[in-house]
Each structure stands twice: as C-alpha cells, then as structure tokens.
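What follows is protein_16.cif (mmCIF, C-alpha atoms and all ligand atoms).
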```cif
data_entry
loop_
_atom_site.label_atom_id
_atom_site.label_comp_id
_atom_site.auth_asym_id
_atom_site.auth_seq_id
_atom_site.Cartn_x
_atom_site.Cartn_y
_atom_site.Cartn_z
CA MET N 1 -10.07 52.16 -13.50
CA SER N 2 -12.34 54.25 -11.24
CA ASN N 3 -12.36 53.68 -7.47
CA GLU N 4 -16.11 54.23 -7.18
CA SER N 5 -17.85 51.58 -5.09
CA VAL N 6 -20.23 49.15 -6.81
CA SER N 7 -23.01 47.26 -4.99
CA VAL N 8 -24.06 44.79 -7.69
CA GLY N 9 -21.92 43.18 -10.37
CA ILE N 10 -23.99 42.07 -13.36
CA PHE N 11 -22.55 39.59 -15.86
CA MET N 12 -24.14 38.22 -19.03
CA GLY N 13 -22.69 35.61 -21.36
CA SER N 14 -23.33 37.41 -24.65
CA LYS N 15 -24.37 40.75 -26.07
CA SER N 16 -27.47 38.94 -27.34
CA ASP N 17 -28.55 38.67 -23.65
CA LEU N 18 -28.60 42.45 -23.17
CA PRO N 19 -32.29 43.18 -23.95
CA ILE N 20 -33.33 40.92 -21.04
CA VAL N 21 -30.52 41.86 -18.67
CA GLU N 22 -31.35 45.55 -19.11
CA GLU N 23 -34.51 44.77 -17.12
CA SER N 24 -32.31 44.07 -14.08
CA ALA N 25 -30.32 47.25 -14.66
CA LYS N 26 -33.52 49.35 -14.90
CA ILE N 27 -34.73 48.07 -11.53
CA LEU N 28 -31.40 48.77 -9.83
CA SER N 29 -31.30 52.28 -11.38
CA ASN N 30 -34.83 52.99 -10.14
CA PHE N 31 -33.77 52.09 -6.59
CA GLY N 32 -30.53 54.08 -6.88
CA VAL N 33 -28.37 50.97 -6.46
CA SER N 34 -24.95 51.15 -8.12
CA TYR N 35 -24.11 48.36 -10.55
CA ASP N 36 -21.53 47.39 -13.12
CA LEU N 37 -22.73 45.68 -16.32
CA ASN N 38 -20.45 43.26 -18.18
CA VAL N 39 -20.66 41.04 -21.25
CA LEU N 40 -18.27 38.22 -20.36
CA SER N 41 -18.60 34.53 -21.03
CA ALA N 42 -17.62 31.60 -18.81
CA HIS N 43 -16.36 29.66 -21.84
CA ARG N 44 -15.27 32.36 -24.34
CA THR N 45 -13.57 34.67 -21.84
CA PRO N 46 -13.03 32.63 -18.65
CA HIS N 47 -9.99 34.58 -17.42
CA GLU N 48 -11.68 37.95 -17.98
CA VAL N 49 -14.68 36.82 -15.90
CA VAL N 50 -12.41 36.15 -12.93
CA ARG N 51 -10.35 39.31 -13.47
CA LYS N 52 -13.48 41.46 -13.58
CA LEU N 53 -14.97 39.71 -10.56
CA GLU N 54 -11.82 40.43 -8.55
CA GLU N 55 -11.88 44.07 -9.68
CA LEU N 56 -15.47 44.35 -8.42
CA GLU N 57 -14.58 42.66 -5.12
CA ASN N 58 -12.00 45.44 -4.67
CA LYS N 59 -14.79 47.98 -5.28
CA GLY N 60 -16.88 46.52 -2.45
CA VAL N 61 -19.39 44.57 -4.54
CA LYS N 62 -21.99 42.85 -2.35
CA ILE N 63 -24.01 40.74 -4.79
CA PHE N 64 -23.48 39.25 -8.23
CA ILE N 65 -26.19 38.74 -10.87
CA ALA N 66 -25.31 36.36 -13.69
CA ALA N 67 -27.45 35.79 -16.79
CA ALA N 68 -26.75 33.22 -19.48
CA GLY N 69 -28.47 30.97 -21.97
CA MET N 70 -27.98 27.40 -23.24
CA ALA N 71 -25.33 25.51 -21.16
CA ALA N 72 -25.46 28.36 -18.66
CA HIS N 73 -22.46 27.88 -16.38
CA LEU N 74 -21.66 31.58 -15.88
CA ALA N 75 -23.45 31.89 -12.52
CA GLY N 76 -21.79 28.72 -11.22
CA VAL N 77 -18.33 29.85 -12.32
CA ILE N 78 -18.82 33.21 -10.62
CA ALA N 79 -20.07 31.47 -7.46
CA ALA N 80 -16.92 29.32 -7.50
CA HIS N 81 -14.76 32.45 -7.34
CA THR N 82 -16.61 34.55 -4.74
CA HIS N 83 -18.18 34.24 -1.29
CA LYS N 84 -20.80 36.87 -2.15
CA PRO N 85 -24.39 35.83 -3.03
CA VAL N 86 -24.85 34.95 -6.71
CA LEU N 87 -28.28 35.38 -8.31
CA GLY N 88 -28.66 33.42 -11.55
CA ILE N 89 -30.97 34.29 -14.43
CA PRO N 90 -31.50 31.49 -16.96
CA LEU N 91 -32.18 32.87 -20.44
CA GLY N 92 -34.28 31.52 -23.29
CA GLY N 93 -33.42 31.90 -26.94
CA GLY N 94 -31.82 28.52 -27.59
CA ASP N 95 -33.54 25.50 -29.16
CA MET N 96 -34.80 24.41 -25.71
CA ASN N 97 -36.44 27.77 -24.89
CA GLY N 98 -34.49 28.22 -21.65
CA LEU N 99 -35.11 24.80 -20.09
CA ASP N 100 -31.44 24.04 -20.77
CA SER N 101 -30.23 27.20 -19.02
CA LEU N 102 -32.73 26.76 -16.16
CA MET N 103 -31.36 23.28 -15.42
CA SER N 104 -27.75 24.42 -15.86
CA THR N 105 -28.23 27.31 -13.43
CA VAL N 106 -30.45 25.73 -10.79
CA GLN N 107 -28.77 22.32 -10.50
CA MET N 108 -25.64 23.43 -8.64
CA PRO N 109 -24.02 20.64 -6.66
CA LYS N 110 -23.96 21.17 -2.88
CA GLY N 111 -21.46 23.62 -1.39
CA ILE N 112 -21.58 26.36 -4.05
CA PRO N 113 -25.06 27.94 -4.10
CA VAL N 114 -26.60 29.90 -6.96
CA ALA N 115 -30.02 31.42 -6.22
CA THR N 116 -31.94 30.80 -9.44
CA PHE N 117 -34.79 32.88 -10.82
CA ALA N 118 -37.41 32.44 -13.56
CA ILE N 119 -36.35 32.18 -17.22
CA GLY N 120 -36.02 35.51 -19.01
CA LYS N 121 -37.60 38.87 -18.21
CA SER N 122 -39.40 37.86 -14.99
CA GLY N 123 -36.17 36.35 -13.70
CA ALA N 124 -34.18 39.46 -14.61
CA ILE N 125 -36.64 41.71 -12.75
CA ASN N 126 -36.91 39.40 -9.73
CA ALA N 127 -33.15 38.91 -9.43
CA ALA N 128 -32.71 42.69 -9.24
CA LEU N 129 -35.56 43.02 -6.73
CA CYS N 130 -33.99 40.28 -4.62
CA ALA N 131 -30.66 42.14 -4.75
CA VAL N 132 -32.47 45.23 -3.48
CA GLN N 133 -34.05 43.17 -0.67
CA ILE N 134 -30.66 41.79 0.39
CA LEU N 135 -29.05 45.25 0.35
CA SER N 136 -32.07 46.62 2.28
CA LEU N 137 -31.13 44.48 5.28
CA ALA N 138 -28.31 46.93 6.00
CA ASP N 139 -29.81 50.09 4.44
CA SER N 140 -32.98 51.59 5.96
CA ASN N 141 -33.45 54.14 3.12
CA LEU N 142 -33.41 51.37 0.56
CA SER N 143 -35.75 49.33 2.74
CA GLU N 144 -38.26 52.21 2.77
CA LYS N 145 -38.03 52.49 -1.02
CA PHE N 146 -38.73 48.78 -1.33
CA ASP N 147 -41.77 49.04 0.99
CA GLN N 148 -43.08 51.86 -1.18
CA PHE N 149 -42.50 49.84 -4.36
CA ARG N 150 -44.58 46.97 -2.95
CA LYS N 151 -47.37 49.33 -1.83
CA ASP N 152 -47.47 50.98 -5.28
CA GLN N 153 -47.53 47.60 -7.01
CA THR N 154 -50.48 46.46 -4.87
CA GLU N 155 -52.27 49.75 -5.45
CA GLU N 156 -51.89 49.39 -9.24
CA VAL N 157 -53.70 46.05 -9.19
CA ILE N 158 -56.48 47.37 -6.95
CA GLN N 159 -56.83 50.36 -9.24
CA ILE N 160 -57.38 48.13 -12.29
CA ASN N 161 -60.38 46.55 -10.52
CA SER N 162 -61.87 49.84 -9.42
CA GLU N 163 -61.64 51.07 -13.03
CA THR N 164 -63.27 47.97 -14.54
CA ASN N 165 -66.05 47.46 -11.94
C1 LIG H 1 -24.62 31.90 -23.80
O1 LIG H 1 -24.98 31.41 -25.04
C2 LIG H 1 -25.04 33.33 -23.78
O2 LIG H 1 -25.37 33.71 -22.48
C3 LIG H 1 -26.21 33.40 -24.72
O3 LIG H 1 -27.46 33.39 -24.02
C4 LIG H 1 -26.08 32.12 -25.54
C5 LIG H 1 -25.90 32.40 -27.02
O4 LIG H 1 -24.83 33.31 -27.19
P1 LIG H 1 -24.54 33.99 -28.61
O5 LIG H 1 -24.30 32.87 -29.56
O6 LIG H 1 -25.79 34.80 -28.95
O7 LIG H 1 -23.35 34.88 -28.40
O8 LIG H 1 -23.26 31.80 -23.60
#
```
I need this file expressed as structure tokens, please.
Amino acid sequence: MSNESVSVGIFMGSKSDLPIVEESAKILSNFGVSYDLNVLSAHRTPHEVVRKLEELENKGVKIFIAAAGMAAHLAGVIAAHTHKPVLGIPLGGGDMNGLDSLMSTVQMPKGIPVATFAIGKSGAINAALCAVQILSLADSNLSEKFDQFRKDQTEEVIQINSETN
C-alpha cells in the first residue's frame, strides 16, 4: 500500500458504472486533484467498502464521491462511516431510469447528510466540480484554476453566438 496522500475517494457500486464515473475522474485529473477510484458495493462487498474507506482516511482523504444505481445505498453507507463530506451520484441503467437511485441517494434521514447530484453524466461532472470547489476553500491555486474554468466555460457559450450571428 502506497503512503501517497489522496484528496478524493471515489466509489462505484459496479464495474458497469465506470463509463459514467470516469467523467468525475476526468474532471479531477484536469484540475490536478488526486483521487482513488474503487469498484466496491455496499451490498456485495460491505466490509471491503469500510476497509477501503479507512485506508483512504489514513491517506488524508478530504471528500468522498459515491456513485450507484438501483437501490443506491453506497453513498449513505459511506456517509455512515466517515465525517468527511459525501457527494452522491445516482445512476440510471435500471428499469426505473435512475429515479430509484435518485430517491435512494437523496432521501437520507436527518443526521447523516449525502449531497446528491443529477442522475448520470451531469451528476458525475458536477460532483467532481463541487469537490474541486470544496478543496478550493483551502487551496488558492486550485481556486484560481476553478475561476479560469468558469471564465472559459462562459467564453465558449459567448463564442457560439458570435459564430452563428
Ligand atoms: C448497483 O447496481 C450498481 O451501482 C449498478 O449501478 C447497479 C447494477 O449493477 P450490476 O448488476 O451491473 O453489477 O449496485
């Protein structure tokens, strides 16, 4: 096990979630934020989820991102075992197109919060951006990168109009 520090611990419930969760990883990579990506399930591998979470706590993890579909309890289980912020991404793919995982993730009973994002790709991107925003509070370099990202994003939209008008 390496002793390298990790800022964000990413968990997904199944390998089938990877194409969406990679969107979070791409954002964190672009901002130079260290992360650790894990396929671990709250119901298939409950002990491994906790073991991995504790390993990451020892590496100084500051935020957890948890993505799962169907009866998506992964984010809630992680939140039960840590005092760090947990950002939940509900995933589609099941018969209910993600409404099941949205409700499972967002409807946490009081006392154990999970910040819940949009279903699927938008949620994966926004959860990572939110992680960057939280880390920026104590990191002025990262904060500058985030400011630049927002400026560039605005500029791209303005550019589309100047090209079409
Ligand atoms: C959840 O069940 C996973 O997060 C995944 O989104 C869903 C289906 O998992 P697989 O049957 O594809 O492994 O636990």
Check your understanding: ligand LIG 1 (chain H): which residues are within 12 Å, counting only C-alpha atoms and all ligand atoms, as a VMD selection string?
Key -> chain N and resid 11 to 21 38 to 46 66 to 75 88 to 98 100 to 102 104 to 105 119 to 120
Output file for the residues above (C-alpha atoms, as a PDB file, in the coordinates of the input):
```
ATOM      1  CA  PHE N  11     -22.550  39.590 -15.860  1.00  0.00           C
ATOM      2  CA  MET N  12     -24.140  38.220 -19.030  1.00  0.00           C
ATOM      3  CA  GLY N  13     -22.690  35.610 -21.360  1.00  0.00           C
ATOM      4  CA  SER N  14     -23.330  37.410 -24.650  1.00  0.00           C
ATOM      5  CA  LYS N  15     -24.370  40.750 -26.070  1.00  0.00           C
ATOM      6  CA  SER N  16     -27.470  38.940 -27.340  1.00  0.00           C
ATOM      7  CA  ASP N  17     -28.550  38.670 -23.650  1.00  0.00           C
ATOM      8  CA  LEU N  18     -28.600  42.450 -23.170  1.00  0.00           C
ATOM      9  CA  PRO N  19     -32.290  43.180 -23.950  1.00  0.00           C
ATOM     10  CA  ILE N  20     -33.330  40.920 -21.040  1.00  0.00           C
ATOM     11  CA  VAL N  21     -30.520  41.860 -18.670  1.00  0.00           C
ATOM     12  CA  ASN N  38     -20.450  43.260 -18.180  1.00  0.00           C
ATOM     13  CA  VAL N  39     -20.660  41.040 -21.250  1.00  0.00           C
ATOM     14  CA  LEU N  40     -18.270  38.220 -20.360  1.00  0.00           C
ATOM     15  CA  SER N  41     -18.600  34.530 -21.030  1.00  0.00           C
ATOM     16  CA  ALA N  42     -17.620  31.600 -18.810  1.00  0.00           C
ATOM     17  CA  HIS N  43     -16.360  29.660 -21.840  1.00  0.00           C
ATOM     18  CA  ARG N  44     -15.270  32.360 -24.340  1.00  0.00           C
ATOM     19  CA  THR N  45     -13.570  34.670 -21.840  1.00  0.00           C
ATOM     20  CA  PRO N  46     -13.030  32.630 -18.650  1.00  0.00           C
ATOM     21  CA  ALA N  66     -25.310  36.360 -13.690  1.00  0.00           C
ATOM     22  CA  ALA N  67     -27.450  35.790 -16.790  1.00  0.00           C
ATOM     23  CA  ALA N  68     -26.750  33.220 -19.480  1.00  0.00           C
ATOM     24  CA  GLY N  69     -28.470  30.970 -21.970  1.00  0.00           C
ATOM     25  CA  MET N  70     -27.980  27.400 -23.240  1.00  0.00           C
ATOM     26  CA  ALA N  71     -25.330  25.510 -21.160  1.00  0.00           C
ATOM     27  CA  ALA N  72     -25.460  28.360 -18.660  1.00  0.00           C
ATOM     28  CA  HIS N  73     -22.460  27.880 -16.380  1.00  0.00           C
ATOM     29  CA  LEU N  74     -21.660  31.580 -15.880  1.00  0.00           C
ATOM     30  CA  ALA N  75     -23.450  31.890 -12.520  1.00  0.00           C
ATOM     31  CA  GLY N  88     -28.660  33.420 -11.550  1.00  0.00           C
ATOM     32  CA  ILE N  89     -30.970  34.290 -14.430  1.00  0.00           C
ATOM     33  CA  PRO N  90     -31.500  31.490 -16.960  1.00  0.00           C
ATOM     34  CA  LEU N  91     -32.180  32.870 -20.440  1.00  0.00           C
ATOM     35  CA  GLY N  92     -34.280  31.520 -23.290  1.00  0.00           C
ATOM     36  CA  GLY N  93     -33.420  31.900 -26.940  1.00  0.00           C
ATOM     37  CA  GLY N  94     -31.820  28.520 -27.590  1.00  0.00           C
ATOM     38  CA  ASP N  95     -33.540  25.500 -29.160  1.00  0.00           C
ATOM     39  CA  MET N  96     -34.800  24.410 -25.710  1.00  0.00           C
ATOM     40  CA  ASN N  97     -36.440  27.770 -24.890  1.00  0.00           C
ATOM     41  CA  GLY N  98     -34.490  28.220 -21.650  1.00  0.00           C
ATOM     42  CA  ASP N 100     -31.440  24.040 -20.770  1.00  0.00           C
ATOM     43  CA  SER N 101     -30.230  27.200 -19.020  1.00  0.00           C
ATOM     44  CA  LEU N 102     -32.730  26.760 -16.160  1.00  0.00           C
ATOM     45  CA  SER N 104     -27.750  24.420 -15.860  1.00  0.00           C
ATOM     46  CA  THR N 105     -28.230  27.310 -13.430  1.00  0.00           C
ATOM     47  CA  ILE N 119     -36.350  32.180 -17.220  1.00  0.00           C
ATOM     48  CA  GLY N 120     -36.020  35.510 -19.010  1.00  0.00           C
TER      49      GLY N 120
END
```
Study note, to complete from the structure: What separates CA of Asn30 (chain N) and CA of Lys145 (chain N) is a distance of 9.7 Å
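Across the structure, CA of Lys26 (chain N) and CA of Ile125 (chain N) are spaced 8.5 Å apart.
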**Study point:** Glu4 (chain N) surroundings by only C-alpha atoms, 10 Å radius, close-in-sequence under 3 positions cut, as a list in words
**Key:**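 The residues satisfying every condition are Met1, Ser34, Leu56, Lys59 and Gly60 of chain N.
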Review point. What's the 10 Å shell around Pro85 (chain N), counting only C-alpha atoms, without same-chain residues fewer than 6 positions away, as a list in words?
Key: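 What passes the distance filter is Lys62, Ile63, Phe64, Ile65, Ile78, Ala79, Ile112, Pro113, Val114, Ala115, Ala131 and Ile134 of chain N.
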**Study point:** Using all atoms listed in the file: which of N:Lys121, N:Asn58, N:Cys130, N:Asp147 has the shortest distance to Val86 (chain N)
**Key:**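 Between N:Lys121, N:Asn58, N:Cys130, N:Asp147, the residue approaching Val86 (chain N) most closely is N:Cys130.
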Check your understanding: What is the distance between CA of Ser7 (chain N) and CA of Tyr35 (chain N), in Å to one decimal?
Key ->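 CA of Ser7 (chain N) sits 5.8 Å away from CA of Tyr35 (chain N).
For the residues N:Asn161, N:Ile27, N:Phe146, N:Gly9, ranking by smallest atom-to-atom distance to Lys84 (chain N) using only C-alpha atoms places N:Gly9 first.
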